[in-house]
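Accompanying notes for the structure given below.
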Amino acid sequence: MATVFFSYSHKDEDLRDRLETALASMRRQGLIEAWHDRRLRAGDDFDHDIRAELERADVILLLVSPDFIASDYCFDVEMTRALERHDRKEARVIPVILRACDWHSTPFGKLVAAPRDGKPVRSWPDLDEAFLDVVRMIRSALPSQAPSAALPVPAHAAPPRSNGGARSSNLALRKTFTEADRERFLDEAFEFTARFFE
C-alpha cells in the first residue's frame with residue numbers, strides 16, 4: 001500500500017476534500033493510504049509530525065494554486081523536501097494543478113502535472129471529470145508494489161450479469177439537496193459561465 005501525502009494551502013481545503021473523495025476507490029482497493037495535516041490531533045507537534053509523514057510518503061501530491069505558491073511552509077518546507085526525495089527516487093511527486101497560477105516557472109514546473117496537460121481543475125466544466133483524470137494519473141504513477149489485482153477494468157469490459165433481479169440502472173434514489181449544495185451549485189455555475197464568456 002502506498003502512502004499519499006497531500007501538500008496544500010488551507011485555502012484549497014474544499015478541493016483537497018474533493019480529491020480525497022475521488023481517491024476513495026483506490027483506498028478501498030488497498031492501493032493507497034492518504035495523509036494530510038487535518039489528521040493531526042490536539043497536542044501533536046505540527047512541524048515534526050508533518051515532516052515525519054512527508055518522509056514516510058511514497059507519493060507526494062502538491063496541490064498547486066496561487067495560495068500554495070504564496071505559502072512559505074508549503075513552498076519552502078514541504079515542496080523543497082518533496083523534490084529532494086523525488087530526485088533521489090525515494091518518492092514520487094505529482095503536481096496537481098487546482099487553480100490557474102504561474103507554476104511552470106517553479107522548481108516542480110519540470111514535472112508532468114495532473115490533470116492532463118496541467119489544465120487547472122477549476123477550469124474544467126465538470127470538477128468530477130477533472131478529479132477522475134487526476135485519479136487515473138495517480139493510479140498509473142503508483143509504485144510497482146501495488147497489487148496487480150487492483151488494476152482498472154477496461155472501459156469496454158461488460159459488467160457481470162446476475163440471473164434475474166433488478167439491475168442497478170433500473171433503480172433510483174431520491175436526492176435531497178441542502179442549502180450548501182444549492183449555494184455550491186450556484187457558485188460553480190457562475191464561475192463556469194464567467195470563464196466561458198472570457
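Note on naming: chains are A, B, ... as they come in the C-alpha cells, residues start from 1 per chain, ligands start from 1 in the order shown.
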
If we count only C-alpha atoms and set the cut-off at 10 Å, which residues sit around range 179-193 of chain A, ignoring sequence neighbours fewer than 6 positions away in its own chain? Please answer as a count of residues only.
6

Can you tell me, as a PyMOL selection string, which residues in range 6-188 of chain A count as alpha helix (DSSP H) by DSSP?
chain A and resi 13-22+24-28+46-56+66-70+72+80-87+127-141+179-188

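In the backbone-derived DSSP annotation, strand (DSSP E or B) within range 1-197 of chain A comprises Ala2, Thr3, Val4, Phe5, Phe6, Ser7, Ile32, Glu33, Ala34, Trp35, Val59, Ile60, Leu61, Leu62, Leu63, Val64, Arg92, Val93, Ile94, Pro95, Val96, Ile97 and Ala114 of chain A.
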
Would you mind listing what lies within 9 Å of range 75-91 of chain A as a ChimeraX atom specification, with only C-alpha atoms counted and same-chain residues fewer than 2 positions away left out?
/A:7,50-51,54-60,62,68-73,93,107-108,143

Restricting it to N, CA, C and O atoms, dump the selection as a PDB file, in the first residue's frame.
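As a result, result_23.pdb now contains:
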ATOM      1  N   SER A   7       0.164  17.947   0.101  1.00  0.00           N
ATOM      2  CA  SER A   7       0.755  19.233   0.437  1.00  0.00           C
ATOM      3  C   SER A   7      -0.137  20.284  -0.212  1.00  0.00           C
ATOM      4  O   SER A   7      -0.287  20.312  -1.436  1.00  0.00           O
ATOM      5  N   ILE A  50       4.319  16.639  10.548  1.00  0.00           N
ATOM      6  CA  ILE A  50       4.207  16.825   9.098  1.00  0.00           C
ATOM      7  C   ILE A  50       5.494  16.350   8.417  1.00  0.00           C
ATOM      8  O   ILE A  50       5.452  15.634   7.418  1.00  0.00           O
ATOM      9  N   ARG A  51       6.637  16.731   8.969  1.00  0.00           N
ATOM     10  CA  ARG A  51       7.903  16.303   8.363  1.00  0.00           C
ATOM     11  C   ARG A  51       8.047  14.780   8.406  1.00  0.00           C
ATOM     12  O   ARG A  51       8.556  14.170   7.459  1.00  0.00           O
ATOM     13  N   LEU A  54       5.863  13.346   5.713  1.00  0.00           N
ATOM     14  CA  LEU A  54       6.468  13.663   4.421  1.00  0.00           C
ATOM     15  C   LEU A  54       7.597  12.682   4.099  1.00  0.00           C
ATOM     16  O   LEU A  54       7.753  12.241   2.967  1.00  0.00           O
ATOM     17  N   GLU A  55       8.363  12.299   5.122  1.00  0.00           N
ATOM     18  CA  GLU A  55       9.452  11.332   4.927  1.00  0.00           C
ATOM     19  C   GLU A  55       8.918   9.926   4.663  1.00  0.00           C
ATOM     20  O   GLU A  55       9.548   9.134   3.976  1.00  0.00           O
ATOM     21  N   ARG A  56       7.764   9.614   5.205  1.00  0.00           N
ATOM     22  CA  ARG A  56       7.179   8.280   5.081  1.00  0.00           C
ATOM     23  C   ARG A  56       6.446   8.079   3.753  1.00  0.00           C
ATOM     24  O   ARG A  56       6.260   6.956   3.290  1.00  0.00           O
ATOM     25  N   ALA A  57       6.055   9.173   3.117  1.00  0.00           N
ATOM     26  CA  ALA A  57       5.188   9.096   1.936  1.00  0.00           C
ATOM     27  C   ALA A  57       5.880   8.459   0.733  1.00  0.00           C
ATOM     28  O   ALA A  57       7.066   8.675   0.487  1.00  0.00           O
ATOM     29  N   ASP A  58       5.081   7.684  -0.018  1.00  0.00           N
ATOM     30  CA  ASP A  58       5.542   7.110  -1.290  1.00  0.00           C
ATOM     31  C   ASP A  58       5.195   8.042  -2.445  1.00  0.00           C
ATOM     32  O   ASP A  58       5.916   8.125  -3.428  1.00  0.00           O
ATOM     33  N   VAL A  59       4.046   8.718  -2.319  1.00  0.00           N
ATOM     34  CA  VAL A  59       3.573   9.654  -3.342  1.00  0.00           C
ATOM     35  C   VAL A  59       3.244  10.960  -2.634  1.00  0.00           C
ATOM     36  O   VAL A  59       2.544  10.968  -1.618  1.00  0.00           O
ATOM     37  N   ILE A  60       3.753  12.068  -3.172  1.00  0.00           N
ATOM     38  CA  ILE A  60       3.506  13.390  -2.584  1.00  0.00           C
ATOM     39  C   ILE A  60       2.771  14.227  -3.624  1.00  0.00           C
ATOM     40  O   ILE A  60       3.286  14.470  -4.722  1.00  0.00           O
ATOM     41  N   LEU A  62       1.386  17.691  -4.699  1.00  0.00           N
ATOM     42  CA  LEU A  62       1.466  19.135  -4.500  1.00  0.00           C
ATOM     43  C   LEU A  62       0.192  19.726  -5.095  1.00  0.00           C
ATOM     44  O   LEU A  62       0.015  19.716  -6.316  1.00  0.00           O
ATOM     45  N   PHE A  68      -0.948  28.130  -2.698  1.00  0.00           N
ATOM     46  CA  PHE A  68       0.114  27.156  -2.430  1.00  0.00           C
ATOM     47  C   PHE A  68       1.481  27.796  -2.680  1.00  0.00           C
ATOM     48  O   PHE A  68       2.391  27.700  -1.866  1.00  0.00           O
ATOM     49  N   ILE A  69       1.612  28.458  -3.824  1.00  0.00           N
ATOM     50  CA  ILE A  69       2.889  29.084  -4.178  1.00  0.00           C
ATOM     51  C   ILE A  69       3.223  30.215  -3.205  1.00  0.00           C
ATOM     52  O   ILE A  69       4.393  30.427  -2.862  1.00  0.00           O
ATOM     53  N   ALA A  70       2.210  30.915  -2.704  1.00  0.00           N
ATOM     54  CA  ALA A  70       2.437  32.028  -1.765  1.00  0.00           C
ATOM     55  C   ALA A  70       2.751  31.554  -0.347  1.00  0.00           C
ATOM     56  O   ALA A  70       3.305  32.314   0.444  1.00  0.00           O
ATOM     57  N   SER A  71       2.425  30.306  -0.036  1.00  0.00           N
ATOM     58  CA  SER A  71       2.634  29.788   1.318  1.00  0.00           C
ATOM     59  C   SER A  71       4.103  29.448   1.545  1.00  0.00           C
ATOM     60  O   SER A  71       4.662  28.588   0.864  1.00  0.00           O
ATOM     61  N   ASP A  72       4.727  30.098   2.522  1.00  0.00           N
ATOM     62  CA  ASP A  72       6.128  29.797   2.831  1.00  0.00           C
ATOM     63  C   ASP A  72       6.297  28.347   3.281  1.00  0.00           C
ATOM     64  O   ASP A  72       7.259  27.687   2.903  1.00  0.00           O
ATOM     65  N   TYR A  73       5.361  27.845   4.081  1.00  0.00           N
ATOM     66  CA  TYR A  73       5.503  26.470   4.592  1.00  0.00           C
ATOM     67  C   TYR A  73       5.350  25.454   3.453  1.00  0.00           C
ATOM     68  O   TYR A  73       6.163  24.535   3.315  1.00  0.00           O
ATOM     69  N   VAL A  93       6.716  12.700  -6.783  1.00  0.00           N
ATOM     70  CA  VAL A  93       5.990  13.957  -6.599  1.00  0.00           C
ATOM     71  C   VAL A  93       5.105  14.181  -7.817  1.00  0.00           C
ATOM     72  O   VAL A  93       5.567  14.082  -8.961  1.00  0.00           O
ATOM     73  N   PRO A 107      10.244  25.210  -9.216  1.00  0.00           N
ATOM     74  CA  PRO A 107      11.112  24.033  -9.283  1.00  0.00           C
ATOM     75  C   PRO A 107      10.389  22.757  -9.711  1.00  0.00           C
ATOM     76  O   PRO A 107      10.995  21.866 -10.280  1.00  0.00           O
ATOM     77  N   PHE A 108       9.086  22.645  -9.458  1.00  0.00           N
ATOM     78  CA  PHE A 108       8.348  21.453  -9.889  1.00  0.00           C
ATOM     79  C   PHE A 108       7.740  21.620 -11.278  1.00  0.00           C
ATOM     80  O   PHE A 108       7.075  20.711 -11.782  1.00  0.00           O
ATOM     81  N   PRO A 143       3.766   3.196  -7.070  1.00  0.00           N
ATOM     82  CA  PRO A 143       4.918   2.286  -7.070  1.00  0.00           C
ATOM     83  C   PRO A 143       4.501   0.891  -7.531  1.00  0.00           C
ATOM     84  O   PRO A 143       3.360   0.477  -7.346  1.00  0.00           O
TER      85      PRO A 143
END

Asp67 in chain A surroundings by only C-alpha atoms, 8 Å radius, close-in-sequence under 5 positions cut, as a list in words
Ser9, Lys11 and Asp12 of chain A

Would you output that residue set with N, CA and C atoms, as a short mmCIF file (atom, residue, chain, number, x, y, z; two decimals), in the first residue's frame?
data_model
loop_
_atom_site.label_atom_id
_atom_site.label_comp_id
_atom_site.auth_asym_id
_atom_site.auth_seq_id
_atom_site.Cartn_x
_atom_site.Cartn_y
_atom_site.Cartn_z
N SER A 9 -2.47 24.34 0.44
CA SER A 9 -2.83 25.51 1.22
C SER A 9 -4.21 25.29 1.82
N LYS A 11 -6.46 27.26 2.11
CA LYS A 11 -7.47 27.96 1.31
C LYS A 11 -8.03 27.06 0.20
N ASP A 12 -7.36 25.94 -0.06
CA ASP A 12 -7.82 24.98 -1.07
C ASP A 12 -8.37 23.71 -0.43
#

For a quick check of understanding, using only C-alpha atoms, which of A:Val112, A:Leu132, A:Leu23, A:Leu63 has the smallest distance to Ala100 in chain A?
A:Leu63

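Our summary of the geometry notes that CA of Leu98 in chain A is positioned 19.4 Å from CA of Ser140 in chain A.
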
Under the rule that only C-alpha atoms are counted, which of A:Val135, A:Ala141, A:Cys74, A:Ala194 is the nearest residue to Ser25 in chain A?
A:Val135

Ranking A:Arg18, A:Arg27, A:Arg136, A:Arg39 by minimum distance to Met1 in chain A and counting only C-alpha atoms, which one comes first?
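Ranking A:Arg18, A:Arg27, A:Arg136, A:Arg39 by distance to Met1 in chain A, first place goes to A:Arg27.
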
Neighbour list for Glu53 in chain A as an NGL selection string, cut-off 10 Å, only C-alpha atoms, skip fewer than 6 positions in-chain:
:A and (3-6 or 35-37)

Those same residues - C-alpha atoms - I'd like them written as a PDB file, in the first residue's frame.
ATOM      1  CA  THR A   3       1.171   6.337   1.400  1.00  0.00           C
ATOM      2  CA  VAL A   4      -0.085   9.518  -0.283  1.00  0.00           C
ATOM      3  CA  PHE A   5       0.806  12.878   1.297  1.00  0.00           C
ATOM      4  CA  PHE A   6      -1.231  15.989   0.459  1.00  0.00           C
ATOM      5  CA  TRP A  35      -2.489  11.646   4.872  1.00  0.00           C
ATOM      6  CA  HIS A  36      -2.788  15.411   5.298  1.00  0.00           C
ATOM      7  CA  ASP A  37      -2.351  17.795   8.214  1.00  0.00           C
TER       8      ASP A  37
END

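The coordinates place CA of Phe131 in chain A at 6.4 Å from CA of Ala22 in chain A.
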
Could you please determine the separation between CA of His48 in chain A and CA of Arg16 in chain A in Å, to one decimal place?
21.9 Å

Looking at only C-alpha atoms, which of A:Glu129, A:Leu142, A:Gly118, A:Glu198 is the one that sits closest to Met26 in chain A?
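Closest candidate: A:Leu142.
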